[in-house]
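Take a look at the structure below.
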Amino acid sequence: MTDAHTSSTDRAAVERELRSMIAEAARLDAALVAGLPADTDLFGPEIGLTSLAGVALLGAIDARFGVDVAALDLSLDSLQSIATLTDFVTAHRGAI
């Protein structure tokens with residue numbers, strides 16, 4: 001397996017887990033969130049993440065991946081979409 005294949009496999013696994021965590025935090029059906037495009041806004045109408053649900057999601061991400069998104073991304077740009085959050089967590093989880 002090449003490093004590129006391993007990293008894309010890791011990213012896909014992280015994205016699957018994050019989608020499940022997003023669904024739980026937003027109280028949505030996991031299958032619905034799993035089928036959304038990666039560029040879907042977390043706070044947009046499809047997911048509708050609230051600030052309280054966002055805090056719960058950040059806590060779950062820290063517990064599962066050891067990535068404190070709020071401490072590492074002060075502007076929280078990584079919470080724009082499923083893809084930006086996946087990229088951020090994938091990039092920072094090795095820094096544990």
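Within each chain, counting starts at residue 1; across the structure tokens, chains are named A, B, ... in the order shown, with ligands numbered 1 upward in that order.
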| query | If you count only C-alpha atoms, which residues fall within 9 Å of range 74-79 of chain A, apart from same-chain ones fewer than 4 positions away, as a list in words? | reply |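 Counting only the stated atoms, we get Asp41, Leu42, Phe43, Gly54, Val69, Ala70, Ala83, Thr84, Leu85, Thr86, Asp87, Phe88 and Val89 of chain A.
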| request: Could you check how far CA of Gly35 in chain A sits from CA of Thr9 in chain A, in Å to one decimal? | output: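 A separation of 18.2 Å between them.
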| said: For the structure I just gave you, how does DSSP split range 46-85 of chain A - specifically, which residues are alpha helix (DSSP H)? Reply as an NGL selection string. | reply: :A and (51-65 or 69-72 or 82-85)
Dump of all heavy atoms for the selected residues, as a compact mmCIF listing (two decimals), in the first residue's frame:
# COMPACT_ATOMS: atom_id res chain seq x y z
N SER A 51 -25.32 25.91 17.90
CA SER A 51 -24.08 26.16 18.64
C SER A 51 -23.90 25.15 19.76
O SER A 51 -22.79 24.68 20.01
CB SER A 51 -24.05 27.60 19.17
OG SER A 51 -25.17 27.85 19.97
N LEU A 52 -24.98 24.77 20.43
CA LEU A 52 -24.89 23.78 21.50
C LEU A 52 -24.49 22.41 20.94
O LEU A 52 -23.63 21.72 21.50
CB LEU A 52 -26.23 23.68 22.24
CG LEU A 52 -26.24 22.76 23.45
CD1 LEU A 52 -25.19 23.19 24.47
CD2 LEU A 52 -27.61 22.77 24.11
N ALA A 53 -25.09 22.03 19.82
CA ALA A 53 -24.72 20.76 19.17
C ALA A 53 -23.27 20.81 18.68
O ALA A 53 -22.56 19.80 18.73
CB ALA A 53 -25.66 20.46 18.02
N GLY A 54 -22.84 21.99 18.24
CA GLY A 54 -21.45 22.16 17.81
C GLY A 54 -20.47 21.93 18.95
O GLY A 54 -19.43 21.29 18.77
N VAL A 55 -20.81 22.42 20.12
CA VAL A 55 -19.96 22.21 21.30
C VAL A 55 -19.89 20.72 21.63
O VAL A 55 -18.82 20.19 21.93
CB VAL A 55 -20.48 23.04 22.50
CG1 VAL A 55 -19.77 22.64 23.78
CG2 VAL A 55 -20.30 24.52 22.24
N ALA A 56 -21.04 20.04 21.57
CA ALA A 56 -21.07 18.60 21.82
C ALA A 56 -20.22 17.86 20.79
O ALA A 56 -19.47 16.93 21.14
CB ALA A 56 -22.50 18.09 21.80
N LEU A 57 -20.31 18.27 19.54
CA LEU A 57 -19.52 17.65 18.48
C LEU A 57 -18.03 17.84 18.73
O LEU A 57 -17.24 16.90 18.61
CB LEU A 57 -19.92 18.23 17.12
CG LEU A 57 -19.12 17.73 15.91
CD1 LEU A 57 -19.28 16.23 15.72
CD2 LEU A 57 -19.56 18.49 14.65
N LEU A 58 -17.63 19.05 19.10
CA LEU A 58 -16.21 19.31 19.37
C LEU A 58 -15.69 18.46 20.52
O LEU A 58 -14.57 17.95 20.48
CB LEU A 58 -15.99 20.80 19.66
CG LEU A 58 -16.23 21.75 18.49
CD1 LEU A 58 -15.99 23.19 18.93
CD2 LEU A 58 -15.36 21.40 17.31
N GLY A 59 -16.51 18.29 21.55
CA GLY A 59 -16.12 17.43 22.67
C GLY A 59 -15.97 15.98 22.25
O GLY A 59 -15.02 15.29 22.66
N ALA A 60 -16.87 15.51 21.40
CA ALA A 60 -16.80 14.14 20.90
C ALA A 60 -15.56 13.94 20.02
O ALA A 60 -14.90 12.89 20.10
CB ALA A 60 -18.08 13.79 20.13
N ILE A 61 -15.24 14.93 19.21
CA ILE A 61 -14.05 14.85 18.35
C ILE A 61 -12.79 14.79 19.21
O ILE A 61 -11.89 13.98 18.96
CB ILE A 61 -13.99 16.04 17.37
CG1 ILE A 61 -15.10 15.91 16.33
CG2 ILE A 61 -12.62 16.14 16.70
CD1 ILE A 61 -15.31 17.14 15.48
N ASP A 62 -12.74 15.61 20.24
CA ASP A 62 -11.57 15.61 21.14
C ASP A 62 -11.44 14.26 21.83
O ASP A 62 -10.36 13.69 21.92
CB ASP A 62 -11.70 16.74 22.16
CG ASP A 62 -10.41 17.00 22.91
OD1 ASP A 62 -9.33 16.50 22.51
OD2 ASP A 62 -10.47 17.70 23.94
N ALA A 63 -12.58 13.72 22.30
CA ALA A 63 -12.55 12.43 23.00
C ALA A 63 -12.13 11.29 22.07
O ALA A 63 -11.36 10.41 22.46
CB ALA A 63 -13.91 12.14 23.63
N ARG A 64 -12.63 11.29 20.85
CA ARG A 64 -12.39 10.19 19.92
C ARG A 64 -11.03 10.28 19.23
O ARG A 64 -10.31 9.31 19.08
CB ARG A 64 -13.51 10.12 18.88
CG ARG A 64 -13.26 9.22 17.69
CD ARG A 64 -13.05 7.76 18.09
NE ARG A 64 -12.72 6.94 16.95
CZ ARG A 64 -11.47 6.65 16.55
NH1 ARG A 64 -10.44 7.12 17.20
NH2 ARG A 64 -11.28 5.89 15.51
N PHE A 65 -10.69 11.49 18.75
CA PHE A 65 -9.49 11.65 17.94
C PHE A 65 -8.35 12.37 18.65
O PHE A 65 -7.24 12.45 18.12
CB PHE A 65 -9.82 12.42 16.64
CG PHE A 65 -10.76 11.70 15.74
CD1 PHE A 65 -12.08 12.11 15.60
CD2 PHE A 65 -10.34 10.60 14.99
CE1 PHE A 65 -12.96 11.45 14.75
CE2 PHE A 65 -11.21 9.93 14.14
CZ PHE A 65 -12.52 10.36 14.03
N VAL A 69 -10.33 20.91 18.43
CA VAL A 69 -10.56 21.81 17.30
C VAL A 69 -10.61 23.26 17.75
O VAL A 69 -10.00 24.14 17.14
CB VAL A 69 -11.85 21.42 16.54
CG1 VAL A 69 -12.15 22.41 15.42
CG2 VAL A 69 -11.76 20.01 15.99
N ALA A 70 -11.32 23.54 18.83
CA ALA A 70 -11.48 24.92 19.31
C ALA A 70 -10.14 25.55 19.70
O ALA A 70 -9.92 26.73 19.46
CB ALA A 70 -12.45 24.97 20.48
N ALA A 71 -9.23 24.77 20.25
CA ALA A 71 -7.93 25.30 20.65
C ALA A 71 -7.00 25.47 19.45
O ALA A 71 -6.18 26.40 19.43
CB ALA A 71 -7.27 24.39 21.68
N LEU A 72 -7.11 24.60 18.46
CA LEU A 72 -6.22 24.63 17.31
C LEU A 72 -6.70 25.53 16.18
O LEU A 72 -5.91 25.95 15.34
CB LEU A 72 -6.03 23.21 16.77
CG LEU A 72 -5.34 22.22 17.71
CD1 LEU A 72 -5.45 20.81 17.17
CD2 LEU A 72 -3.88 22.62 17.91
N ILE A 82 -18.54 19.39 6.09
CA ILE A 82 -18.07 18.05 6.43
C ILE A 82 -16.63 17.88 5.95
O ILE A 82 -15.78 17.37 6.67
CB ILE A 82 -18.99 16.98 5.78
CG1 ILE A 82 -20.41 17.06 6.37
CG2 ILE A 82 -18.40 15.59 5.96
CD1 ILE A 82 -21.45 16.25 5.61
N ALA A 83 -16.34 18.35 4.74
CA ALA A 83 -15.00 18.19 4.16
C ALA A 83 -13.94 18.98 4.93
O ALA A 83 -12.86 18.45 5.20
CB ALA A 83 -15.00 18.62 2.70
N THR A 84 -14.24 20.22 5.30
CA THR A 84 -13.23 21.02 6.02
C THR A 84 -12.95 20.43 7.40
O THR A 84 -11.81 20.41 7.85
CB THR A 84 -13.64 22.50 6.16
OG1 THR A 84 -14.90 22.59 6.84
CG2 THR A 84 -13.72 23.18 4.80
N LEU A 85 -13.98 19.91 8.04
CA LEU A 85 -13.79 19.29 9.36
C LEU A 85 -12.99 18.00 9.22
O LEU A 85 -12.06 17.75 10.00
CB LEU A 85 -15.14 19.02 10.02
CG LEU A 85 -15.08 18.43 11.43
CD1 LEU A 85 -14.30 19.35 12.38
CD2 LEU A 85 -16.48 18.19 11.97
| field | For CA of Ser20 in chain A and CA of Thr40 in chain A, the interatomic separation in Å (one decimal) | value |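 Interatomic distance, CA of Ser20 in chain A to CA of Thr40 in chain A: 14.4 Å.
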